[in-house]
Amino acid sequence: MKEYKLIFTGTVGAGKTTAIAAVSEVPPILTDVTNNDVEVAKATTTVGFDYGFLTLDNGDRIRLFGTPGQSRFRFVWQIVARGALGIIILIDNSRAEPLSDLSVYLQGFAEELKKVPCVIGVGRTENSSFPTIEDYAKLLESEGYVFPVIPVDVRLRDDVVLLIDVLLSQAEADLS
Amino acid sequence: MLKKAGANKGKEMGSRNINNTAQESFSMSGNMKILRLGVIELHPAEEALIKTLFRLYGVEPEFRWHLVTNPPYDALLIDYRYWPDDLNKNTFGRSVMKVAPFGQETEDGMRRPIRSEQLVDWLGQVQLEIEGTRQIDKGILSRWKAKPQSTALESANIGAESWLNGAGTPPKNNPEGGSRKAYFKLIRWPGPDLIQGDHNRMRIATLLTRRYFDLNSISGHANVSFSECEKFVVELDRRGLLRKMQDASPPPNKNFLDSIYGSESHKPETKNETQGVSLISRIRRRLGI
C-alpha cells in the first residue's frame, strides 16, 4: 500500500479542517487547542496537523493534511508539504488583508509550488466581495504563478471535491 | 448606392473608403509589408472576431493581414445593406467582398456568420492577386492559400459560427501532420465572468495554467468539444490572458512526477507516467468525479 499526501493550508479560520471533514472517509483527527489569538474569533485552532484520508480501490491511501494556520508554524509547512500531490490554499476573504495572507502562503510553500499543482480556494466571498478573484489572479501573476482561483464554500463537499479535481487536472496536464 | 452609408460618420467614411480603395489600394505599389483589410458597417462582434483571428493567425509569418480603420485598403468587407446596388461584383475584382445577411446563402459574397476558413481563403486569393502583380514570392502565397487551416490555430477553424452562435465546429484532421501549430498557455487565471461557473471552462483554464496546449489537445484532455474549446480560447485571447507559441510544444512539466515519485527514481519515466495517470483516475473514482 502506498500513501500520498494532499495539503490543505491557509489562514486561521479559512476552513481547512472543515474541508478535510467534507471529503475524508473518517472524521478528521484533530490537533486543535484552545485559541489564544485574540484577533481570531475562533474557539480552537490547529497547532499540529489535522488529517483525514481516502482509501483508493487498490488499497493506496490519500492522506489529507491540514497545516497549522498560524504563520509561526511556517517551518512545519515545508515539512508536511514535501512530496505532496498538490496544495490547496484556502483564503478567508473576510479577513483584513486576504491578499497579504495569500502572499504569506506563496512564500511559505515556494519550493513546493515550483513543482506541484496548487489551487486557491477563496471563502466567504458572498459577504466580502473584495478583493475579487481577478485581484488574486493578478497577485499570483505578479509573484510568477498561474494557479486557479476558485470561490468556494468548504462546508460543501462538492466545492472541496472541485478543488481536488482542479488539482488533479493540473497533474494531468503535467503528465500529458 | 454607397451614399446610403452617408447618414453617419462611419458610413461617410465607408463611402470614402471605397473610392480611396479604388484609387489607392488597387493601384498599390512597391514593397508593402502588410496587407490592409477594411470593413464597412460590420457588427462590432464581427470586427472583434476578425481582429482576434488576425491576432491568432498572425503567428504565421506568411499571414500579413491587418484590420485597419483608415484607407488605403487592400481588401474591403462591406455589409450587404451598404453594398451599392449598381456595383458589379467584379468591379474591384476579388478585393471587395459583400457580407450577406445572417444565415443566407450567397453566390457573390461571404456568408454569415463569418467563418475563419472562408475569410482566410478569400484573403489568400486577394493576397495572391496582389502579390502576383508585384511579382513577389508566389510559392509561399500559394502554400498559404492552399492550406488556410494549417496556420496559427492548427486547423482550429475558429469562426463566427462557433463564436457568435455557439454552434459546433468539428475538429479537423491536420492533413499535413507536421504542419505548424499554435500552442497556448494562460498568463493569469480568468475572472468569474469568463469562467461563468462552467466546469468545462474551468477544466480548460486549469490545463492551460500548467503548460502550452494546442486546441486539439485541450479538447482531448479536457474532454470538451472542440468548438467549445475554441470559443473559450478566443475569449481568453481577446482578454489578453493567453501566451502563444508556435511550432514546438514544450515538454510536459515532469516536476509533478518528481515530486510524488522522487527525482532520484530509477523507474522508467513512462512507468511513472502510467502510475501517475492511474493514481489520478483512482482518486477521481473515489471522489465520484
# chains A, B, ... in the order shown; residues from 1 in each chain; ligands from 1
call {"tool": "interface_residues", "arguments": {"of": "chain A", "to": "chain B", "cutoff": "7 Å", "atoms": "only C-alpha atoms", "output": "number ranges by chain"}}
result
A: 56-57, 83-85, 115-116, 133-134, 137-138, 141, 146-149, 161, 166, 168-176
call {"tool": "write_last_selection", "arguments": {"atoms": "N, CA and C atoms", "output": "CSV table (one decimal), in the first residue's frame"}}
result
chain,number,residue,atom,x,y,z
A,56,LEU,N,-8.1,4.3,-1.7
A,56,LEU,CA,-8.4,4.0,-3.1
A,56,LEU,C,-8.7,2.6,-3.3
A,57,ASP,N,-9.2,2.3,-4.6
A,57,ASP,CA,-9.7,0.9,-4.8
A,57,ASP,C,-8.5,-0.1,-4.9
A,83,GLY,N,6.8,16.2,-1.0
A,83,GLY,CA,6.3,15.0,-1.7
A,83,GLY,C,4.8,15.0,-1.9
A,84,ALA,N,4.1,16.1,-1.6
A,84,ALA,CA,2.7,16.2,-1.7
A,84,ALA,C,2.2,16.1,-3.2
A,85,LEU,N,1.0,15.6,-3.4
A,85,LEU,CA,0.4,15.5,-4.7
A,85,LEU,C,0.0,16.9,-5.2
A,115,LYS,N,6.9,23.0,-8.2
A,115,LYS,CA,6.7,21.6,-8.8
A,115,LYS,C,5.2,21.2,-8.8
A,116,VAL,N,4.6,21.3,-7.7
A,116,VAL,CA,3.3,20.6,-7.6
A,116,VAL,C,2.1,21.5,-7.9
A,133,ILE,N,-11.7,37.9,-7.4
A,133,ILE,CA,-10.9,36.8,-7.9
A,133,ILE,C,-9.8,37.3,-8.9
A,134,GLU,N,-10.2,38.3,-9.6
A,134,GLU,CA,-9.1,38.9,-10.5
A,134,GLU,C,-8.0,39.5,-9.7
A,137,ALA,N,-5.8,36.7,-8.9
A,137,ALA,CA,-5.1,36.2,-10.1
A,137,ALA,C,-3.9,37.2,-10.4
A,138,LYS,N,-4.2,38.5,-10.3
A,138,LYS,CA,-3.1,39.4,-10.6
A,138,LYS,C,-2.0,39.3,-9.6
A,141,GLU,N,0.0,36.4,-10.6
A,141,GLU,CA,0.8,36.7,-11.7
A,141,GLU,C,2.0,37.5,-11.4
A,146,VAL,N,0.7,31.0,-12.0
A,146,VAL,CA,-0.6,30.9,-12.6
A,146,VAL,C,-1.4,29.8,-12.0
A,147,PHE,N,-2.1,30.0,-11.0
A,147,PHE,CA,-2.9,29.0,-10.3
A,147,PHE,C,-4.4,29.3,-10.4
A,148,PRO,N,-5.2,28.3,-10.5
A,148,PRO,CA,-6.7,28.5,-10.5
A,148,PRO,C,-7.1,29.2,-9.2
A,149,VAL,N,-8.0,30.1,-9.3
A,149,VAL,CA,-8.5,30.8,-8.1
A,149,VAL,C,-10.1,30.6,-8.1
A,161,VAL,N,-14.5,18.9,-3.4
A,161,VAL,CA,-14.2,17.9,-4.5
A,161,VAL,C,-13.7,18.7,-5.7
A,166,VAL,N,-9.6,20.1,-9.6
A,166,VAL,CA,-8.7,21.1,-10.3
A,166,VAL,C,-7.2,20.7,-10.1
A,168,LEU,N,-6.1,17.7,-9.7
A,168,LEU,CA,-5.8,16.6,-10.5
A,168,LEU,C,-5.7,16.9,-11.9
A,169,SER,N,-6.5,17.9,-12.4
A,169,SER,CA,-6.4,18.3,-13.8
A,169,SER,C,-5.0,18.9,-14.1
A,170,GLN,N,-4.5,19.7,-13.1
A,170,GLN,CA,-3.2,20.2,-13.3
A,170,GLN,C,-2.2,19.1,-13.4
A,171,ALA,N,-2.3,18.1,-12.5
A,171,ALA,CA,-1.4,17.0,-12.6
A,171,ALA,C,-1.5,16.3,-13.9
A,172,GLU,N,-2.7,16.1,-14.4
A,172,GLU,CA,-2.9,15.5,-15.7
A,172,GLU,C,-2.1,16.3,-16.8
A,173,ALA,N,-2.2,17.6,-16.7
A,173,ALA,CA,-1.6,18.5,-17.7
A,173,ALA,C,-0.1,18.2,-17.7
A,174,ASP,N,0.4,18.0,-16.5
A,174,ASP,CA,1.9,17.8,-16.3
A,174,ASP,C,2.3,16.4,-16.9
A,175,LEU,N,1.4,15.5,-16.8
A,175,LEU,CA,1.7,14.1,-17.3
A,175,LEU,C,1.5,13.9,-18.8
A,176,SER,N,0.7,14.8,-19.4
A,176,SER,CA,0.4,14.6,-20.8
A,176,SER,C,1.5,14.9,-21.7
call {"tool": "residues_around", "arguments": {"residues": "A:Asn93", "least_positions_apart": "5", "cutoff": "9 Å", "atoms": "only C-alpha atoms", "output": "PyMOL selection string"}}
result
chain A and resi 14+98-99+122-125+127-132
call {"tool": "write_last_selection", "arguments": {"atoms": "all heavy atoms", "output": "compact mmCIF listing (two decimals), in the first residue's frame"}}
result
# COMPACT_ATOMS: atom_id res chain seq x y z
N ALA A 14 -9.88 29.67 7.89
CA ALA A 14 -10.25 29.59 6.46
C ALA A 14 -11.05 28.34 6.15
O ALA A 14 -11.67 28.26 5.08
CB ALA A 14 -9.00 29.64 5.59
N PRO A 98 -6.63 39.83 2.90
CA PRO A 98 -6.58 38.48 2.29
C PRO A 98 -5.47 38.32 1.25
O PRO A 98 -4.89 37.24 1.12
CB PRO A 98 -7.95 38.34 1.63
CG PRO A 98 -8.79 39.44 2.13
CD PRO A 98 -7.90 40.50 2.64
N LEU A 99 -5.15 39.39 0.54
CA LEU A 99 -4.09 39.27 -0.46
C LEU A 99 -2.74 39.06 0.22
O LEU A 99 -1.92 38.27 -0.25
CB LEU A 99 -4.06 40.51 -1.37
CG LEU A 99 -5.26 40.68 -2.30
CD1 LEU A 99 -5.18 42.01 -3.05
CD2 LEU A 99 -5.35 39.54 -3.30
N VAL A 122 -11.10 30.50 -2.38
CA VAL A 122 -11.41 31.74 -1.65
C VAL A 122 -12.79 31.61 -1.03
O VAL A 122 -13.79 31.43 -1.73
CB VAL A 122 -11.36 32.97 -2.59
CG1 VAL A 122 -11.59 34.25 -1.78
CG2 VAL A 122 -10.02 33.03 -3.32
N GLY A 123 -12.83 31.69 0.30
CA GLY A 123 -14.09 31.52 1.01
C GLY A 123 -14.68 32.84 1.46
O GLY A 123 -14.01 33.87 1.48
N ARG A 124 -15.94 32.79 1.79
CA ARG A 124 -16.70 33.94 2.31
C ARG A 124 -16.74 35.10 1.33
O ARG A 124 -16.72 36.27 1.72
CB ARG A 124 -16.14 34.39 3.66
CG ARG A 124 -16.21 33.26 4.70
CD ARG A 124 -15.96 33.77 6.11
NE ARG A 124 -16.16 32.69 7.07
CZ ARG A 124 -15.17 31.95 7.55
NH1 ARG A 124 -13.92 32.15 7.17
NH2 ARG A 124 -15.43 30.98 8.42
N THR A 125 -16.79 34.78 0.05
CA THR A 125 -16.89 35.84 -0.97
C THR A 125 -18.31 36.41 -1.03
O THR A 125 -18.50 37.52 -1.52
CB THR A 125 -16.52 35.30 -2.36
OG1 THR A 125 -17.31 34.15 -2.61
CG2 THR A 125 -15.06 34.95 -2.46
N ASN A 127 -20.12 37.43 1.37
CA ASN A 127 -20.25 38.60 2.26
C ASN A 127 -19.14 39.62 2.05
O ASN A 127 -19.27 40.77 2.44
CB ASN A 127 -20.23 38.14 3.72
CG ASN A 127 -21.41 37.22 4.02
OD1 ASN A 127 -22.50 37.42 3.49
ND2 ASN A 127 -21.19 36.21 4.83
N SER A 128 -18.04 39.17 1.49
CA SER A 128 -16.90 40.07 1.28
C SER A 128 -16.48 39.94 -0.18
O SER A 128 -15.76 39.02 -0.53
CB SER A 128 -15.74 39.68 2.18
OG SER A 128 -16.15 39.62 3.51
N SER A 129 -16.92 40.85 -0.98
CA SER A 129 -16.67 40.70 -2.42
C SER A 129 -15.30 41.23 -2.85
O SER A 129 -14.88 41.03 -3.99
CB SER A 129 -17.76 41.39 -3.22
OG SER A 129 -17.97 42.70 -2.75
N PHE A 130 -14.62 41.90 -1.94
CA PHE A 130 -13.26 42.37 -2.26
C PHE A 130 -12.26 41.78 -1.28
O PHE A 130 -12.57 41.69 -0.11
CB PHE A 130 -13.20 43.91 -2.22
CG PHE A 130 -14.00 44.53 -3.32
CD1 PHE A 130 -15.29 44.98 -3.08
CD2 PHE A 130 -13.46 44.65 -4.59
CE1 PHE A 130 -16.03 45.54 -4.10
CE2 PHE A 130 -14.21 45.21 -5.61
CZ PHE A 130 -15.50 45.66 -5.36
N PRO A 131 -11.10 41.46 -1.76
CA PRO A 131 -10.62 41.52 -3.15
C PRO A 131 -11.38 40.54 -4.04
O PRO A 131 -11.94 39.56 -3.57
CB PRO A 131 -9.15 41.15 -3.06
CG PRO A 131 -8.98 40.48 -1.75
CD PRO A 131 -10.06 40.95 -0.85
N THR A 132 -11.33 40.83 -5.33
CA THR A 132 -12.03 39.97 -6.29
C THR A 132 -11.12 38.81 -6.71
O THR A 132 -9.92 38.80 -6.42
CB THR A 132 -12.39 40.77 -7.55
OG1 THR A 132 -11.16 41.20 -8.17
CG2 THR A 132 -13.23 41.98 -7.22
call {"tool": "residues_around", "arguments": {"residues": "A:Ser103", "least_positions_apart": "3", "cutoff": "9 Å", "atoms": "only C-alpha atoms", "output": "PyMOL selection string"}}
result
chain A and resi 98-100+106-108+139-140+143
call {"tool": "write_last_selection", "arguments": {"atoms": "C-alpha atoms", "output": "mmCIF file, in the first residue's frame"}}
result
data_model
loop_
_atom_site.group_PDB
_atom_site.id
_atom_site.type_symbol
_atom_site.label_atom_id
_atom_site.label_comp_id
_atom_site.auth_asym_id
_atom_site.auth_seq_id
_atom_site.Cartn_x
_atom_site.Cartn_y
_atom_site.Cartn_z
ATOM 1 C CA PRO A 98 -6.582 38.483 2.288
ATOM 2 C CA LEU A 99 -4.092 39.269 -0.458
ATOM 3 C CA SER A 100 -1.291 39.581 2.059
ATOM 4 C CA LEU A 106 3.011 31.503 -1.515
ATOM 5 C CA GLN A 107 6.280 32.321 0.197
ATOM 6 C CA GLY A 108 5.900 29.618 2.797
ATOM 7 C CA LEU A 139 -1.265 38.929 -7.303
ATOM 8 C CA LEU A 140 -0.349 35.416 -8.381
ATOM 9 C CA GLU A 143 4.567 36.565 -7.994
#
call {"tool": "closest_residue", "arguments": {"among": "B:Thr106, B:Glu46, B:Leu123, B:Met97", "to": "B:His66", "atoms": "only C-alpha atoms"}}
result
B:Leu123
call {"tool": "atom_distance", "arguments": {"atom1": "atom CA of A:Leu167", "atom2": "atom CA of A:Pro117"}}
result
5.6 Å
call {"tool": "atom_distance", "arguments": {"atom1": "atom CA of A:Ile62", "atom2": "atom CA of A:Lys2"}}
result
8.6 Å
call {"tool": "select_by_dssp", "arguments": {"residues": "chain A", "states": "helix (DSSP H, G or I)", "output": "ChimeraX atom specification"}}
result
/A:16-23,71-81,98-108,110-113,133-142,157-175
call {"tool": "select_by_dssp", "arguments": {"residues": "stretch 145-176 of chain A", "states": "strand (DSSP E)", "output": "PyMOL selection string"}}
result
chain A and resi 149-152
call {"tool": "write_last_selection", "arguments": {"atoms": "all heavy atoms", "output": "PDB file, in the first residue's frame"}}
result
ATOM      1  N   VAL A 149      -8.003  30.097  -9.257  1.00  0.00           N
ATOM      2  CA  VAL A 149      -8.547  30.774  -8.066  1.00  0.00           C
ATOM      3  C   VAL A 149     -10.064  30.585  -8.106  1.00  0.00           C
ATOM      4  O   VAL A 149     -10.731  31.050  -9.030  1.00  0.00           O
ATOM      5  CB  VAL A 149      -8.229  32.280  -8.077  1.00  0.00           C
ATOM      6  CG1 VAL A 149      -8.667  32.919  -6.769  1.00  0.00           C
ATOM      7  CG2 VAL A 149      -6.745  32.533  -8.327  1.00  0.00           C
ATOM      8  N   ILE A 150     -10.576  29.882  -7.107  1.00  0.00           N
ATOM      9  CA  ILE A 150     -11.978  29.470  -7.182  1.00  0.00           C
ATOM     10  C   ILE A 150     -12.723  29.866  -5.903  1.00  0.00           C
ATOM     11  O   ILE A 150     -12.280  29.533  -4.801  1.00  0.00           O
ATOM     12  CB  ILE A 150     -12.065  27.937  -7.393  1.00  0.00           C
ATOM     13  CG1 ILE A 150     -11.344  27.597  -8.701  1.00  0.00           C
ATOM     14  CG2 ILE A 150     -13.500  27.460  -7.417  1.00  0.00           C
ATOM     15  CD1 ILE A 150     -11.177  26.132  -8.932  1.00  0.00           C
ATOM     16  N   PRO A 151     -13.828  30.576  -6.054  1.00  0.00           N
ATOM     17  CA  PRO A 151     -14.632  30.867  -4.866  1.00  0.00           C
ATOM     18  C   PRO A 151     -15.279  29.581  -4.348  1.00  0.00           C
ATOM     19  O   PRO A 151     -15.840  28.820  -5.149  1.00  0.00           O
ATOM     20  CB  PRO A 151     -15.697  31.859  -5.377  1.00  0.00           C
ATOM     21  CG  PRO A 151     -15.591  31.874  -6.854  1.00  0.00           C
ATOM     22  CD  PRO A 151     -14.395  31.113  -7.291  1.00  0.00           C
ATOM     23  N   VAL A 152     -15.173  29.345  -3.065  1.00  0.00           N
ATOM     24  CA  VAL A 152     -15.699  28.075  -2.530  1.00  0.00           C
ATOM     25  C   VAL A 152     -16.384  28.270  -1.187  1.00  0.00           C
ATOM     26  O   VAL A 152     -16.122  29.239  -0.478  1.00  0.00           O
ATOM     27  CB  VAL A 152     -14.568  27.020  -2.326  1.00  0.00           C
ATOM     28  CG1 VAL A 152     -14.079  26.470  -3.633  1.00  0.00           C
ATOM     29  CG2 VAL A 152     -13.430  27.581  -1.500  1.00  0.00           C
TER      30      VAL A 152
END
call {"tool": "atom_distance", "arguments": {"atom1": "atom CA of B:Leu67", "atom2": "atom CA of B:Leu35"}}
result
8.6 Å
call {"tool": "residues_around", "arguments": {"residues": "stretch 19-24 of chain A", "least_positions_apart": "2", "cutoff": "6 Å", "atoms": "only C-alpha atoms", "output": "VMD selection string"}}
result
chain A and resid 15 to 17 26 to 28 52 to 54 154 157
call {"tool": "closest_residue", "arguments": {"among": "A:Tyr51, A:Phe75, A:Tyr4, A:Tyr105", "to": "A:Ile89", "atoms": "only C-alpha atoms"}}
result
A:Tyr105
